[in-house]
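Here the structure is laid out as structure tokens; the discussion comes afterwards.
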Amino acid sequence: MRITRTVAGRRRRTAVVATTGLTAAALLLTGCSDSGSDSDEASDSNGKITLTLADFGQFGYKEAGLYEKYEKLHPNIQVKATTTADEQVYYPKFLQQLNAGKGLADIQGIEVGRVKELVDTKADAFADLSKVIDANQWVNWKALQASTDEGKVIGAGTDIGPMSLCYRRDLFEQAGLPTDREEVAERVAGGWEDYLKLGEEYKKKAPKDTFYMDSASAMYNGVVSSNEEQYYSKDGKAIYKESAGVKAGWNLAAEAADKKLSAGLAQFQDPWKAALRKGSIATIACPAWMAAQISTYAGDDFKGKWDIARTPGDTAANWGGSFLAVPAGGKHVKEAGEFIKWATAPEQQAAVFKAVGVFPSNKGAYDLPDVKNATLEYFNNAPIGAIYAEEAQSIPAAVLGPKDGVIKDSISTQINNMEQRGTKPDKAWNDAVEAVDKVIG
Amino acid sequence: MATSTPTRGTHGSRPGRRDPKAMSPGRQAWRSRLWRFDDKASPYAYIAPFFLIFGAFGLYPLIYTGWIALHRVEMVSLDQMDWVGWENFSKILQDDEFWTAVANTFVIGVISTVPQLLMALGLAHLLNYKLRASTFWRTVILTPYATSVASAALVFALVFRADGGLLNWALDFVGLGDTNWAQGHWSSKIAIAVIVIWRWTGYNTLIYLAAMQAVPSDLYEAASLDGASRWQQFRNVTIPALRPTILFTIVISTIGSMQLFGEPLLLEGGTIGAQGGSEHQYETLSVYLYNYGWKLGHLGPAAAVAWAMLALLLLIAAINWLVGRSVRKTAA
């Protein structure tokens with residue numbers, strides 16, 4: 001035993017000395033790094049500031065060269081942007097960072113389906129932008145979406161998604177339907193019911209292996225978003241069961257499924273992209289940002305074959321759109337606010353629209369030539385600027401709720417079941433109610 | 001390097017070398033008390049790091065999850081916890097989707113584990129023969145295990161795709177109709193089981209192979225002297241010798257199938273994948289937990305699911321133990 005003890009004692013001594021040595025080495029190392037250059041730090045000795053920005057999907061700032069432009073205008077600022085492709089991945093992580101108060105960028109993107117939840121529960125975590133930007137410049141409902149009841153503005157609007165109808169000219173011609181965008185708009189002028197009637201006509205002479213629409217849930221979304229009241233009432237109650245918009249959208253989707261007018265594809269998934277590439281889809285309910293998706297996935301084979309007509313009916317609708325916000329705990333709250341003011345100003349929004357086709361939410365942009373006269377070559381030179389700008393003015397001020405995004409997903413899933421599995425509308429609705437109640441619960 | 005020089009220097013000055021007589025009796029008593037304490041305490045000090053790390057990263061999250069399960073906690077406001085007692089548990093136990101997930105987990109577990117272990121046993125038996133380039137074969141069989149879940153699942157998602165998938169293309173070739181693999185209630189489970197089997201068979205094969213090589217060769221010699229065929233040798237010598245190993249692989253596979261997550265999540269992907277199919281046809285418990293916590297943002301029920309999963313695992317372990325004990329009894 002004695003021997004063991006001695007050995008143990010010696011080992012301990014060794015350990016102590018070793019630890020001391022290591023600590024010394026570590027101190028030396030940190031000493032080194034302190035005096036060295038630290039490019040990761042938010043600002044260095046020259047006063048140069050690195051603004052970090054985290055967004056998702058396609059904000060289009062990089063594509064429009066906005067970061068470089070801003071750095072040129074402000075030589076002391078460098079913008080470092082991180083983009084997450086999928087918003088569904090981005091948001092939970094963003095929430096975790098908000099809760100922890102760590103890891104946040106100076107500027108963070110917020111999707112419209114989430115903004116209400118943040119306004120309701122996390123307004124304190126964001127800087128007030130009401131003094132930085134002039135909310136009156138925006139289409140009024142857009143600014144309201146990011147404002148608290150007390151008038152605090154947590155986000156500046158980037159884009160909005162006015163609805164239109166994207167259709168394939170060549171397929172329409174083969175099916176004996178009009179191809180001119182004015183005539184098409186005329187045929188669906190009575191609303192989404194007319195759109196379905198046109199679909200039945202299409203189906204009678206449909207080119208082989210093609211479908212009238214990609215997904216009935218996209219149409220459903222179009223219908224719901226043309227209503228002021230959607231899933232929540234103004235006082236924050238979930239009223240989706242009684243909502244007229246939801247009911248109308250659901251019935252139309254059920255009808256489309258019953259008449260087999262839809263390919264029944266879940267949007268943005270691989271099979272959907274594949275169908276676009278194959279060219280088997282004749283129409284898509286088309287928010288402004290959808291055009292970029294179509295041209296990307298359908299590819300050059302269908303250039304000039306697509307076209308854009310006004311949305312069915314006279315009810316304007318908005319689907320999607322985002323905001324930029326400044327977390328209050330950031331190191332560069334002031335600089336971040338200035339960047340946002342600049343990036344969401346009419347000229348910059350117009351530049352982004354030109355680059356990637358996401359539509360400005362700042363009213364001032366609508367009169368700029370880049371927007372007003374914009375056409376899309378891929379879509380047979382459709383005058384998208386005129387179509388969307390006109391519509392944007394009459395979009396209803398939708399009442400948002402905290403769980404809009406997830407509720408929409410749950411209902412879309414059941415619409416998909418009606419289309420693909422032939423689930424009866426009653427059962428599908430019950431399943432949807434069960435799922436939505438779990439979301440709200 | 002700077003640390004090693006002083007270390008060597010300490011060798012000369014051992015505390016034990018000092019003349020004991022030079023110390024006062026009080027000091028000596030103190031020293032021996034210290035030694036005794038050292039003798040008793042230092043083993044605990046040596047194993048403490050494991051328990052500290054386990055406590056911080058294993059036990060604490062486990063208990064904290066249980067604490068969350070008794071509260072209403074939303075993803076958007078983690079700092080706000082409202083006590084609700086057992087409500088989250090009763091909520092999930094009354095949820096049809098939970099029981100669907102339990103059944104799915106169980107079914108996928110069985111149809112992936114059973115063929116997987118049988119195939120692994122057969123392959124290990126084959127690899128146990130004298131083969132040319134045996135190391136090559138053993139390496140090849142382990143490669144699926146070395147791929148990540150995500151990449152395997154994504155590749156198989158392409159294989160099983162309804163429209164233009166590799167498998168449907170091949171089936172079409174031999175005149176069998178299209179199957180929408182991910183949408184069917186059985187076909188989707190089979191598809192997931194195939195991914196699991198593909199990934200894990202090689203791993204189990206190697207474990208069996210190692211166990212087989214530990215079986216003394218005189219047993220086989222004696223058996224063949226008695227005129228036992230290869231098959232009889234396999235059944236009467238190999239299998240009994242492998243019994244503990246088989247039990248081990250069953251336990252590991254059961255835990256693995258209980259935690260099945262990446263494969264169902266990515267088979268279709270997106271929102272549909274996160275709820276385990278449009279009719280939850282391949283939703284496992286882990287996917288259910290993920291959907292509840294991360295998609296719907298309700299962390300309370302999600303934590304309750306985690307504890308329910310733990311309870312189920314303990315239940316399975318108990319059954320396993322009882323079966324194992326009775327097997328040992330009959331063997332003895």
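Numbering starts fresh at 1 for the residues of each chain in the structure tokens, the chains themselves are lettered A, B, ... in the order given, and ligands are numbered from 1 as they appear.
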
For Ile197 of chain B: contacts at 7 Å, only C-alpha atoms, fewer than 3 positions along chain excluded, given as an MDAnalysis selection string
chainID B and resid 112 116 193:194 200:201

Quick one: write out the picked residues with N, CA and C atoms as an mmCIF file, in the first residue's frame?
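Result written to part17.cif:
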```
data_model
loop_
_atom_site.group_PDB
_atom_site.id
_atom_site.type_symbol
_atom_site.label_atom_id
_atom_site.label_comp_id
_atom_site.auth_asym_id
_atom_site.auth_seq_id
_atom_site.Cartn_x
_atom_site.Cartn_y
_atom_site.Cartn_z
ATOM 1 N N SER B 112 -37.298 -3.839 -39.543
ATOM 2 C CA SER B 112 -35.915 -3.514 -39.893
ATOM 3 C C SER B 112 -34.937 -4.354 -39.084
ATOM 4 N N GLN B 116 -32.469 -7.600 -40.571
ATOM 5 C CA GLN B 116 -31.112 -7.070 -40.457
ATOM 6 C C GLN B 116 -30.203 -8.020 -39.688
ATOM 7 N N ALA B 193 -37.415 0.847 -43.537
ATOM 8 C CA ALA B 193 -36.707 -0.325 -43.022
ATOM 9 C C ALA B 193 -35.533 -0.679 -43.931
ATOM 10 N N VAL B 194 -35.721 -0.526 -45.236
ATOM 11 C CA VAL B 194 -34.640 -0.841 -46.168
ATOM 12 C C VAL B 194 -33.425 0.066 -45.915
ATOM 13 N N TRP B 200 -27.143 -0.685 -41.310
ATOM 14 C CA TRP B 200 -26.699 -1.303 -40.062
ATOM 15 C C TRP B 200 -26.306 -2.763 -40.171
ATOM 16 N N THR B 201 -26.628 -3.428 -41.298
ATOM 17 C CA THR B 201 -26.312 -4.844 -41.410
ATOM 18 C C THR B 201 -24.811 -5.091 -41.269
#
```

Any idea what's packed within 9 Å of Trp289 of chain A, counting only C-alpha atoms, ignoring anything in its chain fewer than 2 positions away? Could you give it as a list in words?
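With the cut-off at 9 Å, the set is Asp159, Ile160, Gly161, Pro162, Cys286, Pro287, Ala291, Ala292, Gln293, Gly320, Gly321, Val356, Gly357, Val358 and Phe359 of chain A.
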
How would the residues just picked look written out with C-alpha atoms as a compact mmCIF listing (two decimals), in the first residue's frame?
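Written out: out-v9.txt:
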```txt
# COMPACT_ATOMS: atom_id res chain seq x y z
CA ASP A 159 -40.96 42.58 -50.23
CA ILE A 160 -44.62 41.70 -50.64
CA GLY A 161 -46.28 39.02 -52.76
CA PRO A 162 -49.17 40.37 -54.80
CA CYS A 286 -48.55 33.13 -58.69
CA PRO A 287 -47.39 35.55 -55.98
CA ALA A 291 -41.94 33.89 -61.06
CA ALA A 292 -38.32 33.46 -60.04
CA GLN A 293 -39.08 29.96 -58.77
CA GLY A 320 -45.69 36.06 -48.34
CA GLY A 321 -43.16 38.83 -47.92
CA VAL A 356 -34.63 38.65 -58.54
CA GLY A 357 -38.25 39.75 -58.99
CA VAL A 358 -39.36 40.08 -55.36
CA PHE A 359 -41.78 42.95 -55.31
```

Just the alpha helix (DSSP H) stuff from segment 190-285 of chain A, please, per backbone DSSP, written as a PyMOL selection string.
chain A and resi 192-204+216-225+244-258+270-278

Shell of 6 Å around Ala175 of chain A, only C-alpha atoms, local chain residues under 2 positions omitted, as a JSON list (two decimals) with N, CA and C atoms, in the first residue's frame:
```
[["chain", "number", "residue", "atom", "x", "y", "z"],
["A", 172, "PHE", "N", -52.06, 26.17, -73.23],
["A", 172, "PHE", "CA", -53.39, 26.77, -73.39],
["A", 172, "PHE", "C", -53.82, 26.72, -74.84],
["A", 173, "GLU", "N", -52.89, 26.97, -75.74],
["A", 173, "GLU", "CA", -53.20, 26.96, -77.16],
["A", 173, "GLU", "C", -53.63, 25.56, -77.60],
["A", 177, "LEU", "N", -57.62, 27.10, -75.51],
["A", 177, "LEU", "CA", -57.96, 28.25, -74.65],
["A", 177, "LEU", "C", -57.24, 29.49, -75.17],
["A", 202, "TYR", "N", -60.03, 23.18, -69.89],
["A", 202, "TYR", "CA", -58.67, 22.73, -70.22],
["A", 202, "TYR", "C", -58.60, 21.21, -70.22],
["A", 205, "LYS", "N", -59.58, 19.04, -73.31],
["A", 205, "LYS", "CA", -58.66, 18.90, -74.45],
["A", 205, "LYS", "C", -57.20, 18.98, -73.97],
["A", 206, "ALA", "N", -56.99, 18.56, -72.75],
["A", 206, "ALA", "CA", -55.65, 18.74, -72.17],
["A", 206, "ALA", "C", -54.60, 17.95, -72.92]]
```

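Using only C-alpha atoms for every distance, the candidate list A:Ala253, A:Ile411, A:Leu73, A:Ala288 yields A:Ile411 as the residue closest to Ala435 of chain A.
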
From a DSSP calculation on the backbone, collect every residue of segment 20-183 of chain B in strand (DSSP E) and output the set as a PyMOL selection string.
chain B and resi 71-74+77-83

Using only C-alpha atoms, which residue out of A:Asn99, A:Gln78, A:Gln420, A:Asn136 lies closest to Asn362 of chain A?
A:Asn136

Pick out the residues sitting within 8 Å of Leu209 of chain B, and hand them over as JSON, numbers by chain; count only C-alpha atoms, and ignore anything fewer than 2 positions along from it in its own chain.
{"B": [124, 125, 127, 128, 205, 206, 207, 211, 212, 213]}

Which is closest to Thr423 of chain A among B:Ser134, B:Ser278, B:Asn291, B:Thr284, if we use only C-alpha atoms?
B:Ser278

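Nearest to chain B of all the residues A:Gly60, A:Gly299, A:Pro360, A:Gly405 is A:Gly405, counting only C-alpha atoms.
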
Considering only C-alpha atoms, return as a VMD selection string whatever protein or nucleic-acid residues lie within 12 Å of Val251 of chain B, sequence-local ones (same chain, fewer than 6 positions apart) excluded.
chain B and resid 109 113 117 204 244 to 245 257 to 258 313 to 314 316 to 321 324

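Using only C-alpha atoms, the smallest distance between any of A:Leu376, A:Ile395, A:Ala218, A:Ala350 and Ser295 of chain A comes from A:Leu376.
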
Give me the residues within 12 Å of Ala244 of chain A as a list in words, counting only C-alpha atoms and dropping any in the same chain fewer than 6 places off.
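Selected residues are Val223, Val224, Ser225, Ser226, Asn227, Glu228, Glu229, Gln230, Tyr231, Tyr232, Ser233, Trp250 and Asn251 of chain A.
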
Which residues, written as an MDAnalysis selection string, have at least one atom at most 10 Å from Ala216 of chain A, with only C-alpha atoms counted and residues fewer than 4 positions away on the same chain left out?
chainID A and resid 220:222 249:250 252:257 260:267 284:285 412 415:416 418:419

Can you write out the residues you just picked, keeping C-alpha atoms, as a tab-separated table (two decimals), in the first residue's frame?
```tsv
chain	number	residue	atom	x	y	z
A	220	TYR	CA	-56.44	27.80	-51.56
A	221	ASN	CA	-53.74	30.18	-50.38
A	222	GLY	CA	-54.63	32.62	-53.11
A	249	GLY	CA	-60.75	28.36	-50.25
A	250	TRP	CA	-61.34	24.90	-48.82
A	252	LEU	CA	-62.72	25.38	-54.09
A	253	ALA	CA	-59.76	23.13	-53.28
A	254	ALA	CA	-62.09	20.21	-52.63
A	255	GLU	CA	-63.78	20.87	-55.95
A	256	ALA	CA	-60.45	20.98	-57.76
A	257	ALA	CA	-59.45	17.70	-56.14
A	260	LYS	CA	-58.92	16.07	-60.76
A	261	LEU	CA	-57.73	19.41	-62.07
A	262	SER	CA	-54.57	19.34	-60.00
A	263	ALA	CA	-51.32	17.39	-60.14
A	264	GLY	CA	-51.49	17.27	-56.33
A	265	LEU	CA	-47.88	18.20	-55.77
A	266	ALA	CA	-46.63	19.72	-52.54
A	267	GLN	CA	-45.05	23.00	-53.59
A	284	ILE	CA	-49.83	28.21	-61.02
A	285	ALA	CA	-51.35	30.65	-58.55
A	412	SER	CA	-52.34	22.36	-47.09
A	415	ILE	CA	-55.78	19.47	-49.25
A	416	ASN	CA	-52.93	17.39	-50.58
A	418	MET	CA	-57.80	15.11	-50.99
A	419	GLU	CA	-55.88	15.52	-54.23
```
